[in-house]
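Notes to accompany the following structure.
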Amino acid sequence: MDNEWSSTKSGLWAYWFSVYLALKLYQITKKQEYLDYSKRIYSWVKTNLQDPKDKIYWNGIYVNNCSVNKAIWTYNTAIMILSDLEFFKITGDQQFLEDAKQMAGVTDIENATIGIAGNHIYCFNSSGV
């Protein structure tokens, strides 16, 4: 493993992917521990890695000095939207849906429509993409 990567970098996608995975495991098993874990990590990421100005999420934490890596990558936003929508499906808490819509709005998806139909999550803009 590359020493520089392992000692200095950490990516947000890893945190958010663990949230999304735990949500999926909860949906399959109905084990409360998976939902509790996903809520705990979600809260930590929101508290520590969300830019308070534009609500976009930064990439992660540098392991060597614990400073925030403020790079912004589209895949971080994609997994955040998915996680918010999964939380909404599970809990019915409208705030998760609103957070997903906000993320779609700040990532250049103009006139985004995000929702849930049955077991399917959808996101498209006014051109139907």
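So you can find residues: chains in the structure tokens are A, B, ... in the order shown, residues in each start at 1, and ligands are numbered from 1 in order.
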| task | Quick one: everything within 10 Å of Ala22 (chain A), counting only C-alpha atoms, minus sequence neighbours fewer than 3 positions away in the same chain. Send it as a ChimeraX atom specification. | result | /A:16-19,25-28,31,33-39,41,83
| Counting only C-alpha atoms, which of A:Gln94, A:Arg40, A:Lys24, A:Tyr15 gets nearest to Ile61 (chain A)? | A:Tyr15
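On the backbone of this structure, DSSP gives strand (DSSP E) within region 7-74 of chain A to Gly60, Ile61, Val68 and Asn69 of chain A.
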Output file for the selection above: N, CA and C atoms, as a PDB file, in the first residue's frame:
```pdb
ATOM      1  N   GLY A  60     -12.720  14.293   3.420  1.00  0.00           N
ATOM      2  CA  GLY A  60     -12.348  13.435   4.542  1.00  0.00           C
ATOM      3  C   GLY A  60     -11.412  14.106   5.509  1.00  0.00           C
ATOM      4  N   ILE A  61     -10.705  13.299   6.260  1.00  0.00           N
ATOM      5  CA  ILE A  61      -9.775  13.759   7.289  1.00  0.00           C
ATOM      6  C   ILE A  61      -8.388  13.213   6.962  1.00  0.00           C
ATOM      7  N   VAL A  68      -9.018  18.656   8.001  1.00  0.00           N
ATOM      8  CA  VAL A  68     -10.031  18.301   7.008  1.00  0.00           C
ATOM      9  C   VAL A  68      -9.463  18.449   5.597  1.00  0.00           C
ATOM     10  N   ASN A  69      -9.657  17.420   4.799  1.00  0.00           N
ATOM     11  CA  ASN A  69      -9.335  17.464   3.373  1.00  0.00           C
ATOM     12  C   ASN A  69     -10.555  18.076   2.684  1.00  0.00           C
TER      13      ASN A  69
END
```
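CA of Thr91 (chain A) to CA of Trp44 (chain A) spans 18.6 Å [interatomic distance, one decimal].
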| field | Residues within 7 Å of Leu85 (chain A), only C-alpha atoms, excluding chain neighbours under 2 positions, as a list in words | value | Ile81, Leu82, Ser83, Phe87, Phe88, Lys89, Phe96, Leu97 and Ala100 of chain A
| note | What separates CA of Leu49 (chain A) and CA of Gly105 (chain A) is a distance of 18.5 Å
Residues within 10 Å of Lys46 (chain A), please, as a PDB file with N, CA and C atoms, in the first residue's frame. Count only C-alpha atoms; anything in the same chain fewer than 5 positions from it doesn't count.
```pdb
ATOM      1  N   ILE A  41     -22.713   7.237  12.337  1.00  0.00           N
ATOM      2  CA  ILE A  41     -21.708   7.670  11.366  1.00  0.00           C
ATOM      3  C   ILE A  41     -22.240   8.849  10.545  1.00  0.00           C
ATOM      4  N   ASP A  51     -19.506  21.465   4.913  1.00  0.00           N
ATOM      5  CA  ASP A  51     -19.215  22.896   4.854  1.00  0.00           C
ATOM      6  C   ASP A  51     -20.453  23.649   5.340  1.00  0.00           C
ATOM      7  N   PRO A  52     -20.326  24.451   6.395  1.00  0.00           N
ATOM      8  CA  PRO A  52     -21.508  25.143   6.930  1.00  0.00           C
ATOM      9  C   PRO A  52     -22.081  26.188   5.976  1.00  0.00           C
ATOM     10  N   LYS A  55     -23.206  23.657   2.471  1.00  0.00           N
ATOM     11  CA  LYS A  55     -23.719  22.335   2.847  1.00  0.00           C
ATOM     12  C   LYS A  55     -23.146  21.192   2.018  1.00  0.00           C
ATOM     13  N   ILE A  56     -22.146  21.464   1.189  1.00  0.00           N
ATOM     14  CA  ILE A  56     -21.437  20.410   0.455  1.00  0.00           C
ATOM     15  C   ILE A  56     -20.516  19.705   1.439  1.00  0.00           C
ATOM     16  N   TYR A  57     -20.242  18.446   1.181  1.00  0.00           N
ATOM     17  CA  TYR A  57     -19.376  17.679   2.064  1.00  0.00           C
ATOM     18  C   TYR A  57     -17.950  17.633   1.545  1.00  0.00           C
ATOM     19  N   TRP A  58     -17.004  17.799   2.476  1.00  0.00           N
ATOM     20  CA  TRP A  58     -15.590  17.698   2.138  1.00  0.00           C
ATOM     21  C   TRP A  58     -15.197  16.227   2.039  1.00  0.00           C
TER      22      TRP A  58
END
```
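With CA of Gln95 (chain A) on one side and CA of Ser67 (chain A) on the other, the separation reads 28.7 Å.
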